[in-house]
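Next comes query-v9.pdb, a file with PDB, C-alpha atoms.
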```
MODEL        1
ATOM      1  CA  MET A1418      -4.495   7.992  21.164
ATOM      2  CA  ARG A1419      -1.407   6.030  20.201
ATOM      3  CA  ILE A1420      -0.055   4.231  17.134
ATOM      4  CA  LEU A1421       1.426   0.744  17.315
ATOM      5  CA  THR A1422       3.531  -0.725  14.520
ATOM      6  CA  ALA A1423       4.414  -4.351  13.854
ATOM      7  CA  ASP A1424       6.483  -6.215  11.293
ATOM      8  CA  VAL A1425       4.015  -8.890  10.184
ATOM      9  CA  MET A1426       6.169 -10.650   7.575
ATOM     10  CA  PRO A1427       9.523 -10.873   9.378
ATOM     11  CA  LYS A1428      10.823 -13.566   7.008
ATOM     12  CA  LEU A1429      10.789 -10.910   4.255
ATOM     13  CA  HIS A1430      12.155  -8.113   6.475
ATOM     14  CA  PRO A1431      12.011  -5.240   5.739
ATOM     15  CA  PHE A1432       8.781  -5.627   3.824
ATOM     16  CA  LEU A1433       5.452  -5.201   5.611
ATOM     17  CA  THR A1434       4.391  -3.118   8.589
ATOM     18  CA  MET A1435       0.911  -3.213  10.046
ATOM     19  CA  HIS A1436      -0.241  -0.109  11.940
ATOM     20  CA  ILE A1437      -2.810  -0.025  14.731
ATOM     21  CA  ILE A1438      -4.612   3.060  15.996
ATOM     22  CA  GLU A1439      -5.679   2.876  19.653
ATOM     23  CA  SER A1440      -8.209   5.368  20.991
ATOM     24  CA  GLU A1441     -10.007   4.965  24.333
ATOM     25  CA  ASP A1442      -9.925   1.172  24.364
ATOM     26  CA  GLU A1443     -10.986   0.861  20.729
ATOM     27  CA  TYR A1444      -8.654  -0.235  17.978
ATOM     28  CA  ALA A1445      -8.322  -0.033  14.200
ATOM     29  CA  ILE A1446      -5.913  -2.284  12.305
ATOM     30  CA  ILE A1447      -4.583  -0.940   9.000
ATOM     31  CA  ASP A1448      -3.491  -3.337   6.242
ATOM     32  CA  PRO A1449      -2.811  -6.538   8.236
ATOM     33  CA  GLY A1450      -1.379  -8.259   5.174
ATOM     34  CA  PRO A1451      -1.617 -11.610   3.389
ATOM     35  CA  LEU A1452      -2.528 -14.993   4.821
ATOM     36  CA  ARG A1453       1.079 -15.717   5.827
ATOM     37  CA  SER A1454       1.121 -12.623   8.044
ATOM     38  CA  ILE A1455      -1.913 -13.447  10.164
ATOM     39  CA  SER A1456      -0.123 -15.615  12.761
ATOM     40  CA  TYR A1457       2.238 -12.668  13.367
ATOM     41  CA  VAL A1458      -0.707 -10.247  13.600
ATOM     42  CA  LEU A1459      -2.418 -12.424  16.211
ATOM     43  CA  GLY A1460       0.821 -12.855  18.131
ATOM     44  CA  PHE A1461       1.327  -9.090  18.231
ATOM     45  CA  LEU A1462      -2.226  -8.548  19.509
ATOM     46  CA  ARG A1463      -1.699 -11.092  22.298
ATOM     47  CA  ARG A1464       1.691  -9.707  23.348
ATOM     48  CA  ASN A1465       0.276  -6.204  23.555
ATOM     49  CA  ASN A1466      -2.858  -7.283  25.452
ATOM     50  CA  ILE A1467      -5.197  -5.974  22.775
ATOM     51  CA  PRO A1468      -8.625  -7.569  23.302
ATOM     52  CA  MET A1469      -9.939  -9.126  20.097
ATOM     53  CA  ASN A1470     -13.459  -7.882  20.854
ATOM     54  CA  ARG A1471     -12.266  -4.258  21.131
ATOM     55  CA  ILE A1472     -11.007  -4.104  17.551
ATOM     56  CA  LYS A1473     -13.631  -1.990  15.817
ATOM     57  CA  TYR A1474     -12.187  -1.703  12.315
ATOM     58  CA  VAL A1475      -9.858  -3.422   9.914
ATOM     59  CA  LEU A1476      -9.012  -0.608   7.501
ATOM     60  CA  LEU A1477      -7.807  -1.610   4.038
ATOM     61  CA  THR A1478      -6.068   0.928   1.865
ATOM     62  CA  HIS A1479      -6.634  -1.395  -1.115
ATOM     63  CA  ILE A1480      -7.230  -5.067  -1.820
ATOM     64  CA  HIS A1481      -3.879  -6.167  -3.246
ATOM     65  CA  ILE A1482      -2.812  -9.485  -1.751
ATOM     66  CA  ASP A1483       0.053  -8.140   0.362
ATOM     67  CA  HIS A1484      -2.320  -5.761   2.135
ATOM     68  CA  ALA A1485      -5.609  -7.632   2.326
ATOM     69  CA  GLY A1486      -5.165 -11.293   1.395
ATOM     70  CA  GLY A1487      -5.394 -12.629   4.935
ATOM     71  CA  VAL A1488      -8.166 -10.434   6.309
ATOM     72  CA  GLY A1489     -10.833 -13.102   5.810
ATOM     73  CA  GLU A1490      -8.870 -15.363   8.148
ATOM     74  CA  LEU A1491      -8.099 -12.597  10.666
ATOM     75  CA  ILE A1492     -11.690 -11.500  11.214
ATOM     76  CA  LYS A1493     -12.667 -14.995  12.315
ATOM     77  CA  ARG A1494     -10.932 -13.958  15.568
ATOM     78  CA  LEU A1495     -12.345 -10.400  15.682
ATOM     79  CA  PRO A1496     -16.052 -10.687  16.529
ATOM     80  CA  ASN A1497     -16.923  -6.989  16.369
ATOM     81  CA  ALA A1498     -14.656  -5.715  13.603
ATOM     82  CA  GLU A1499     -15.917  -4.168  10.375
ATOM     83  CA  VAL A1500     -13.656  -4.404   7.332
ATOM     84  CA  VAL A1501     -13.522  -1.010   5.612
ATOM     85  CA  MET A1502     -12.477  -0.837   1.954
ATOM     86  CA  HIS A1503     -13.311   0.922  -1.279
ATOM     87  CA  VAL A1504     -16.690  -0.142  -2.585
ATOM     88  CA  LYS A1505     -14.977  -1.476  -5.722
ATOM     89  CA  GLY A1506     -13.263  -4.108  -3.595
ATOM     90  CA  ILE A1507     -16.390  -5.676  -2.107
ATOM     91  CA  LYS A1508     -17.155  -8.125  -4.918
ATOM     92  CA  HIS A1509     -13.523  -9.214  -5.224
ATOM     93  CA  MET A1510     -13.117  -9.909  -1.510
ATOM     94  CA  SER A1511     -16.465 -11.690  -1.161
ATOM     95  CA  ASP A1512     -15.373 -14.028  -3.980
ATOM     96  CA  PRO A1513     -11.602 -13.682  -4.454
ATOM     97  CA  SER A1514     -11.190 -16.536  -6.942
ATOM     98  CA  LEU A1515     -10.611 -14.257  -9.953
ATOM     99  CA  LEU A1516      -8.416 -11.893  -7.913
ATOM    100  CA  TRP A1517      -6.325 -14.875  -6.800
ATOM    101  CA  GLU A1518      -5.864 -16.125 -10.373
ATOM    102  CA  LYS A1519      -4.858 -12.650 -11.604
ATOM    103  CA  THR A1520      -2.477 -12.273  -8.668
ATOM    104  CA  LYS A1521      -0.735 -15.552  -9.536
ATOM    105  CA  GLU A1522      -0.396 -14.407 -13.149
ATOM    106  CA  VAL A1523       1.328 -11.183 -12.089
ATOM    107  CA  LEU A1524       3.412 -12.400  -9.134
ATOM    108  CA  GLY A1525       4.106 -16.038  -9.968
ATOM    109  CA  ASP A1526       5.686 -17.938  -7.074
ATOM    110  CA  LEU A1527       5.579 -14.839  -4.890
ATOM    111  CA  ALA A1528       1.792 -15.200  -4.695
ATOM    112  CA  GLU A1529       2.212 -18.611  -3.076
ATOM    113  CA  THR A1530       4.661 -17.070  -0.607
ATOM    114  CA  TYR A1531       1.893 -14.700   0.484
ATOM    115  CA  GLY A1532      -0.757 -17.438   0.679
ATOM    116  CA  GLU A1533      -4.142 -17.733  -0.945
ATOM    117  CA  ILE A1534      -6.600 -14.825  -0.695
ATOM    118  CA  VAL A1535      -9.309 -15.598   1.867
ATOM    119  CA  LYS A1536     -12.876 -14.479   1.216
ATOM    120  CA  ILE A1537     -14.606 -12.044   3.558
ATOM    121  CA  PRO A1538     -18.345 -12.366   4.290
ATOM    122  CA  LYS A1539     -20.280  -9.455   2.781
ATOM    123  CA  SER A1540     -21.910  -8.849   6.164
ATOM    124  CA  ARG A1541     -18.501  -7.911   7.607
ATOM    125  CA  MET A1542     -17.523  -5.388   4.905
ATOM    126  CA  VAL A1543     -18.198  -1.666   4.636
ATOM    127  CA  GLY A1544     -17.696  -0.068   1.226
ATOM    128  CA  ILE A1545     -16.614   3.556   0.836
ATOM    129  CA  SER A1546     -16.808   5.464  -2.433
ATOM    130  CA  GLY A1547     -15.981   9.027  -1.375
ATOM    131  CA  GLU A1548     -14.896  10.974   1.677
ATOM    132  CA  GLU A1549     -16.187   9.746   5.032
ATOM    133  CA  ILE A1550     -15.414  10.060   8.740
ATOM    134  CA  LEU A1551     -15.011   7.016  10.988
ATOM    135  CA  LEU A1552     -15.138   7.391  14.763
ATOM    136  CA  LEU A1553     -12.713   5.370  16.901
ATOM    137  CA  GLY A1554     -13.219   6.264  20.544
ATOM    138  CA  SER A1555     -13.026  10.056  20.378
ATOM    139  CA  THR A1556     -10.676   9.998  17.390
ATOM    140  CA  GLU A1557     -11.956  10.920  13.953
ATOM    141  CA  ILE A1558     -10.407   9.012  11.050
ATOM    142  CA  ARG A1559     -10.945  10.716   7.735
ATOM    143  CA  VAL A1560     -11.190   8.398   4.730
ATOM    144  CA  LEU A1561     -10.388   9.677   1.238
ATOM    145  CA  GLU A1562     -10.227   8.100  -2.197
ATOM    146  CA  ALA A1563      -6.703   8.071  -3.627
ATOM    147  CA  PRO A1564      -6.664   6.245  -6.985
ATOM    148  CA  GLY A1565      -3.563   5.816  -9.118
ATOM    149  CA  HIS A1566      -1.716   2.839  -7.682
ATOM    150  CA  ALA A1567      -5.098   1.115  -7.772
ATOM    151  CA  SER A1568      -8.590   2.306  -8.679
ATOM    152  CA  HIS A1569      -9.809   1.007  -5.313
ATOM    153  CA  HIS A1570      -7.278   2.845  -3.143
ATOM    154  CA  LEU A1571      -8.138   4.746   0.044
ATOM    155  CA  VAL A1572      -6.003   6.695   2.493
ATOM    156  CA  TYR A1573      -6.741   7.368   6.165
ATOM    157  CA  PHE A1574      -5.966  10.645   7.928
ATOM    158  CA  VAL A1575      -6.092  11.436  11.649
ATOM    159  CA  GLU A1576      -6.352  15.191  12.174
ATOM    160  CA  ASN A1577      -5.217  14.809  15.793
ATOM    161  CA  GLY A1578      -1.478  14.628  15.175
ATOM    162  CA  ARG A1579      -1.878  15.039  11.381
ATOM    163  CA  LEU A1580      -1.119  11.380  10.770
ATOM    164  CA  LEU A1581      -1.473   9.944   7.267
ATOM    165  CA  PHE A1582      -1.796   6.230   6.514
ATOM    166  CA  SER A1583      -1.050   6.171   2.813
ATOM    167  CA  GLY A1584      -1.003   2.552   1.727
ATOM    168  CA  ASP A1585       0.841   2.403  -1.597
ATOM    169  CA  ALA A1586      -0.545   5.715  -2.878
ATOM    170  CA  ALA A1587       2.600   7.541  -1.712
ATOM    171  CA  GLY A1588       5.085   4.916  -2.809
ATOM    172  CA  ILE A1589       7.554   2.932  -0.752
ATOM    173  CA  TYR A1590       9.868   4.214   1.950
ATOM    174  CA  ILE A1591      11.920   1.472   3.598
ATOM    175  CA  GLU A1592      12.636   3.178   6.903
ATOM    176  CA  PRO A1593      15.624   1.054   8.047
ATOM    177  CA  TRP A1594      17.361   1.673   4.700
ATOM    178  CA  LYS A1595      16.136   5.279   4.218
ATOM    179  CA  LEU A1596      15.254   4.168   0.702
ATOM    180  CA  MET A1597      12.410   5.400  -1.525
ATOM    181  CA  LEU A1598      11.128   3.116  -4.275
ATOM    182  CA  PRO A1599       8.336   3.535  -6.804
ATOM    183  CA  THR A1600       5.303   1.302  -6.639
ATOM    184  CA  THR A1601       3.732   1.870 -10.036
ATOM    185  CA  PRO A1602       2.844  -1.600 -11.372
ATOM    186  CA  LYS A1603       0.255  -2.206 -14.071
ATOM    187  CA  PRO A1604      -2.453  -0.817 -14.213
ATOM    188  CA  PHE A1605      -0.890   2.322 -12.731
ATOM    189  CA  ASN A1606      -2.436   5.674 -13.696
ATOM    190  CA  VAL A1607       0.035   8.575 -13.550
ATOM    191  CA  GLU A1608      -2.499  11.405 -13.727
ATOM    192  CA  LYS A1609      -4.727   9.992 -11.021
ATOM    193  CA  ALA A1610      -1.747   9.165  -8.824
ATOM    194  CA  LEU A1611      -0.425  12.737  -8.974
ATOM    195  CA  LEU A1612      -3.868  14.147  -8.165
ATOM    196  CA  SER A1613      -4.073  11.800  -5.180
ATOM    197  CA  LEU A1614      -0.650  12.927  -3.972
ATOM    198  CA  GLU A1615      -1.763  16.569  -4.233
ATOM    199  CA  LYS A1616      -4.849  15.698  -2.205
ATOM    200  CA  MET A1617      -2.654  14.129   0.484
ATOM    201  CA  LEU A1618      -0.448  17.229   0.581
ATOM    202  CA  SER A1619      -3.522  19.422   1.037
ATOM    203  CA  LEU A1620      -4.256  17.628   4.299
ATOM    204  CA  GLY A1621      -1.080  19.059   5.822
ATOM    205  CA  PRO A1622       0.234  15.710   7.105
ATOM    206  CA  ARG A1623       3.091  15.639   9.606
ATOM    207  CA  ILE A1624       3.925  11.919   9.810
ATOM    208  CA  ILE A1625       3.260   9.381   7.076
ATOM    209  CA  TYR A1626       2.833   5.690   7.918
ATOM    210  CA  LEU A1627       3.600   3.270   5.109
ATOM    211  CA  PRO A1628       2.954  -0.467   4.908
ATOM    212  CA  HIS A1629       6.247  -0.746   3.000
ATOM    213  CA  TYR A1630       7.997  -0.101   5.408
ATOM    214  CA  GLY A1631       7.544   1.873   8.630
ATOM    215  CA  LYS A1632       7.064   5.632   8.716
ATOM    216  CA  ASN A1633       8.589   8.929   7.623
ATOM    217  CA  MET A1634       8.554  11.774  10.130
ATOM    218  CA  ASP A1635       8.520  14.396   7.361
ATOM    219  CA  ALA A1636       5.369  13.553   5.446
ATOM    220  CA  ARG A1637       5.357  16.626   3.230
ATOM    221  CA  ARG A1638       8.912  16.106   2.047
ATOM    222  CA  HIS A1639       8.220  12.433   1.374
ATOM    223  CA  ILE A1640       5.113  13.136  -0.715
ATOM    224  CA  GLU A1641       6.787  15.917  -2.677
ATOM    225  CA  SER A1642       9.795  13.698  -3.365
ATOM    226  CA  TYR A1643       7.568  10.875  -4.522
ATOM    227  CA  MET A1644       5.644  13.170  -6.855
ATOM    228  CA  GLU A1645       8.947  14.244  -8.380
ATOM    229  CA  LEU A1646      10.023  10.607  -8.769
ATOM    230  CA  VAL A1647       6.801   9.625 -10.564
ATOM    231  CA  MET A1648       7.068  12.585 -12.948
ATOM    232  CA  ARG A1649      10.745  11.885 -13.683
ATOM    233  CA  LEU A1650      10.001   8.216 -14.326
ATOM    234  CA  GLU A1651       7.200   9.087 -16.716
ATOM    235  CA  ASN A1652       9.389  11.555 -18.634
ATOM    236  CA  VAL A1653      12.341   9.186 -18.979
ATOM    237  CA  ILE A1654      10.172   6.260 -20.029
ATOM    238  CA  ARG A1655       8.159   8.371 -22.486
ATOM    239  CA  GLU A1656      11.366   9.560 -24.184
ATOM    240  CA  ASN A1657      12.574   5.957 -24.519
ATOM    241  CA  ILE A1658       9.271   4.168 -25.016
ATOM    242  CA  ASP A1659      10.511   2.074 -27.967
ATOM    243  CA  ARG A1660      13.397   0.484 -26.053
ATOM    244  CA  ASP A1661      13.042  -3.054 -24.751
ATOM    245  CA  ILE A1662      12.549  -3.462 -21.013
ATOM    246  CA  GLY A1663      16.192  -4.354 -20.311
ATOM    247  CA  GLU A1664      17.464  -1.215 -22.040
ATOM    248  CA  LEU A1665      14.740   0.856 -20.400
ATOM    249  CA  ILE A1666      15.785  -0.263 -16.934
ATOM    250  CA  GLU A1667      19.395   0.682 -17.668
ATOM    251  CA  ILE A1668      18.351   4.123 -18.972
ATOM    252  CA  VAL A1669      16.083   4.806 -15.988
ATOM    253  CA  CYS A1670      18.850   3.869 -13.555
ATOM    254  CA  ALA A1671      21.309   6.122 -15.397
ATOM    255  CA  GLU A1672      18.893   9.071 -15.523
ATOM    256  CA  ILE A1673      17.708   8.588 -11.919
ATOM    257  CA  PRO A1674      20.920   7.482 -10.170
ATOM    258  CA  PHE A1675      19.412   6.706  -6.775
ATOM    259  CA  LEU A1676      17.245   4.044  -8.430
ATOM    260  CA  GLY A1677      20.389   2.515  -9.880
ATOM    261  CA  LYS A1678      21.863   2.389  -6.390
ATOM    262  CA  ALA A1679      18.585   1.029  -5.041
ATOM    263  CA  ILE A1680      18.763  -1.966  -7.382
ATOM    264  CA  GLY A1681      22.073  -2.873  -5.783
ATOM    265  CA  ARG A1682      20.659  -2.402  -2.281
ATOM    266  CA  VAL A1683      17.619  -4.640  -2.847
ATOM    267  CA  ARG A1684      19.399  -7.361  -4.833
ATOM    268  CA  GLY A1685      18.459 -10.771  -3.447
ATOM    269  CA  HIS A1686      15.312  -9.581  -1.685
ATOM    270  CA  PRO A1687      12.400 -11.782  -2.845
ATOM    271  CA  VAL A1688      10.040  -8.810  -3.297
ATOM    272  CA  TRP A1689      12.090  -5.648  -3.770
ATOM    273  CA  GLU A1690      14.516  -7.071  -6.331
ATOM    274  CA  GLY A1691      11.800  -7.148  -8.975
ATOM    275  CA  SER A1692       9.836  -4.132  -7.805
ATOM    276  CA  ILE A1693      11.667  -1.504  -9.885
ATOM    277  CA  GLU A1694      11.174  -3.495 -13.089
ATOM    278  CA  ARG A1695       7.465  -3.984 -12.300
ATOM    279  CA  SER A1696       7.140  -0.250 -11.679
ATOM    280  CA  ILE A1697       8.873   0.670 -14.936
ATOM    281  CA  ARG A1698       6.631  -1.747 -16.829
ATOM    282  CA  GLY A1699       3.568  -0.204 -15.183
ATOM    283  CA  ILE A1700       4.357   3.348 -16.289
ATOM    284  CA  ARG A1701       5.369   2.106 -19.750
ATOM    285  CA  GLU A1702       1.995   0.358 -20.110
ATOM    286  CA  TYR A1703       0.218   3.523 -18.969
ATOM    287  CA  ILE A1704       1.989   5.647 -21.609
ATOM    288  CA  LEU A1705       1.165   3.120 -24.355
ATOM    289  CA  TRP A1706      -2.468   2.977 -23.193
ATOM    290  CA  LYS A1707      -2.710   6.784 -23.317
ATOM    291  CA  LYS A1708      -1.370   6.771 -26.883
ATOM    292  CA  LYS A1709      -3.941   4.210 -27.998
ATOM    293  CA  SER A1710      -6.834   6.041 -26.338
ATOM    294  CA  ARG A1711      -6.236   9.311 -28.188
TER
ENDMDL
END
```
Just dump the structure as C-alpha cells.
Amino acid sequence: MRILTADVMPKLHPFLTMHIIESEDEYAIIDPGPLRSISYVLGFLRRNNIPMNRIKYVLLTHIHIDHAGGVGELIKRLPNAEVVMHVKGIKHMSDPSLLWEKTKEVLGDLAETYGEIVKIPKSRMVGISGEEILLLGSTEIRVLEAPGHASHHLVYFVENGRLLFSGDAAGIYIEPWKLMLPTTPKPFNVEKALLSLEKMLSLGPRIIYLPHYGKNMDARRHIESYMELVMRLENVIRENIDRDIGELIEIVCAEIPFLGKAIGRVRGHPVWEGSIERSIRGIREYILWKKKSR
C-alpha cells in the first residue's frame, strides 16, 4: 500500500491536496475537489500511470464544493468507480441545483472560481450512515461518521499504518506554512465537532492527511491542538457575543495570538484571507442558536 498526494488547485497554492490510496493495483481517490481541479486530477493520474479502470472508489469526506463539486465530471472518466459519501449527501449530489445556489450565497465570487457543482448519477453513489469497512485490494478502509463541520461528514481510517483522512473535521493544517486554521463556518456544531475529534483520537492515528493542505506526521498532537483551538474560540466568542464582527475578530486575534499572526500570513490569499472571519461567524451563530433553543 502507498499514499499519493497531489496539489489539484495549484493556482490557489497552498489550498487543496487530493490523496490517493493504492493497494494491489486498486485505487481510491479522496476528495478530488471542485470542477476547476479535475483537469489537474486527470493529469496527475496520467503522469503516474494510474489506469482509470482500476480506480475503485472516489471517497468524499463531505459534499462541500471544494471537496466534491467536480466529482460528477471526474467519474465520466472512471468506468468502475463508486462514489462513497454520507447518505445525507445523495440527494444534493444527484440534483445539486439548490446546493449550488446556497454555495454562491455563502462564497460569492469564490464559488465561480471553483466552478459549478456537477451532478452525479444515483447509480454511481454509495451512501453511508454509520461505521463501515471498505476493501481496497487487501487494505481495509474504515469509514466513520464525524459531524460538526458538516452534518454529512465522514472520515476514513486505514489501520495498516494508522492513517487518518480527516477532511475538514480536524481543521486546517497548511503543511508548507506549518499553520493551523479553524474551519468552523456556519452551520458549525461545536459539541458534535468535539465528539468527532474524540472519536478520531480513539483510533490512535499516526499520520493525518488533510485536504487543506498536505499532512501532519503527528496526528494525535494535531487533533489535540485543534480541539483546544475550537474550545478557546468558543469561550472567547461566548464572552464577547454582543460585539460586532469587526470587534470580535480583533478580540479573538488578541486572545489567541497565533490567529492574529495567521491573518497576516494569509493576507491576499483568495480563500484563506476570509477563512478566519467565516469561522468566527460560524461559532458565533452556533452560540446564538444554542441560546434560542433553550
Under the PyMOL selection byres ((chain A and resi 1561-1577) around 8), which residues of this model are included? Write them out as number ranges by chain.
A: 1477-1480, 1502-1506, 1546-1549, 1556-1560, 1578-1586, 1600-1602, 1604-1611, 1613-1614, 1616
So, counting all atoms listed in the file, which residue among A:Lys1708, A:Arg1464, A:Arg1453, A:Lys1508 is closest to Lys1428 in chain A?
A:Arg1453
Could you list, as a PyMOL selection string, every residue within 9 Å of Leu1433 in chain A, counting all atoms listed in the file and ignoring same-chain residues fewer than 2 positions away?
chain A and resi 1423-1427+1429-1431+1435+1449-1450+1454+1483-1484+1627-1631
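Using all atoms listed in the file, the nearest neighbour of Ser1555 in chain A within the list A:Glu1529, A:Glu1702, A:Glu1522, A:Glu1443 is A:Glu1443.
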Could you make a table, as CSV, of the residues of range 1604-1649 of chain A that have an atom within 12 Å of an atom of range 1590-1596 of chain A, each with its nearest atom pair and distance in Å to one decimal, counting only C-alpha atoms, in chain and number order?
```
residue,atom,partner,partner_atom,distance
A:Ile1625,CA,A:Tyr1590,CA,9.8
A:Tyr1626,CA,A:Tyr1590,CA,9.3
A:Leu1627,CA,A:Tyr1590,CA,7.1
A:Pro1628,CA,A:Tyr1590,CA,8.9
A:His1629,CA,A:Ile1591,CA,6.1
A:Tyr1630,CA,A:Ile1591,CA,4.6
A:Gly1631,CA,A:Glu1592,CA,5.5
A:Lys1632,CA,A:Glu1592,CA,6.4
A:Asn1633,CA,A:Glu1592,CA,7.1
A:Met1634,CA,A:Glu1592,CA,10.0
A:Asp1635,CA,A:Tyr1590,CA,11.6
A:Ala1636,CA,A:Tyr1590,CA,10.9
A:Arg1638,CA,A:Tyr1590,CA,11.9
A:His1639,CA,A:Tyr1590,CA,8.4
A:Ile1640,CA,A:Tyr1590,CA,10.5
A:Ser1642,CA,A:Tyr1590,CA,10.9
A:Tyr1643,CA,A:Tyr1590,CA,9.6
```
Next, dump the selected residues to file, keeping only C-alpha atoms, as a tab-separated table (two decimals), keeping the file's coordinate frame.
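out_4.tsv written:
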```
chain	number	residue	atom	x	y	z
A	1625	ILE	CA	3.26	9.38	7.08
A	1626	TYR	CA	2.83	5.69	7.92
A	1627	LEU	CA	3.60	3.27	5.11
A	1628	PRO	CA	2.95	-0.47	4.91
A	1629	HIS	CA	6.25	-0.75	3.00
A	1630	TYR	CA	8.00	-0.10	5.41
A	1631	GLY	CA	7.54	1.87	8.63
A	1632	LYS	CA	7.06	5.63	8.72
A	1633	ASN	CA	8.59	8.93	7.62
A	1634	MET	CA	8.55	11.77	10.13
A	1635	ASP	CA	8.52	14.40	7.36
A	1636	ALA	CA	5.37	13.55	5.45
A	1638	ARG	CA	8.91	16.11	2.05
A	1639	HIS	CA	8.22	12.43	1.37
A	1640	ILE	CA	5.11	13.14	-0.72
A	1642	SER	CA	9.80	13.70	-3.36
A	1643	TYR	CA	7.57	10.88	-4.52
```
Using only C-alpha atoms, can you tell me which of A:Gly1532, A:Asn1652, A:Ile1697, A:His1509 comes closest to Glu1664 in chain A?
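Once distances to Glu1664 in chain A are computed over only C-alpha atoms, the minimum belongs to A:Ile1697.
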What does the PyMOL selection byres ((chain A and resi 1679-1687) around 10) select in this file, as a list of chain:residue names?
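Evaluating the PyMOL selection byres ((chain A and resi 1679-1687) around 10) on this file yields A:Leu1429, A:His1430, A:Pro1431, A:Phe1432, A:Leu1527, A:Thr1530, A:Trp1594, A:Leu1596, A:Met1597, A:Leu1598, A:Cys1670, A:Pro1674, A:Phe1675, A:Leu1676, A:Gly1677, A:Lys1678, A:Val1688, A:Trp1689, A:Glu1690, A:Gly1691, A:Ser1692, A:Ile1693, A:Glu1694.
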Using 5 Å of padding on each side, determine the axis-aligned box around all atoms of range 1548-1558 of chain A present in the file and give its centre and edge lengths in Å to one decimal, as lines of an AutoDock Vina configuration file.
```
center_x = -13.3
center_y = 8.2
center_z = 11.1
size_x = 15.8
size_y = 15.6
size_z = 28.9
```
May I ask for the distance between CA of Ile1545 in chain A and CA of Val1458 in chain A, given in Å to one decimal place?
24.6 Å
Taking the file above as input, evaluate the PyMOL selection byres ((chain A and resi 1475) around 8) and report the hits as a PyMOL selection string.
chain A and resi 1445-1449+1472-1474+1476-1477+1498-1501
In Å, how far is it from CA of Glu1441 in chain A to CA of Leu1462 in chain A?
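Pair CA of Glu1441 in chain A / CA of Leu1462 in chain A returns 16.3 Å.
With all atoms listed in the file as the atoms that count, the residue of A:Ile1438, A:Leu1421, A:Ala1587, A:Ile1654 with the shortest distance to Gly1699 in chain A is A:Ile1654.
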Separation of CA of Gly1489 in chain A and CA of Met1510 in chain A, in Å?
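Distance reported for this atom pair: 8.3 Å.
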Calculated over all atoms listed in the file, which of the candidates A:Leu1612, A:Val1535, A:Ile1455, A:Ile1700 has the smallest distance to Arg1649 in chain A?
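Ranking A:Leu1612, A:Val1535, A:Ile1455, A:Ile1700 by distance to Arg1649 in chain A, first place goes to A:Ile1700.
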Residue with the minimum atom-to-atom distance to Arg1695 in chain A, picked from A:Arg1419, A:Ala1671, A:Ile1550, A:Val1523 with all atoms listed in the file counted, is A:Val1523
List the neighbours of range 1492-1494 of chain A out to 9 Å using only C-alpha atoms; skip same-chain residues closer than 6 positions along the sequence, and give me the result as a ChimeraX atom specification.
/A:1459,1469-1470,1475,1500,1537,1541
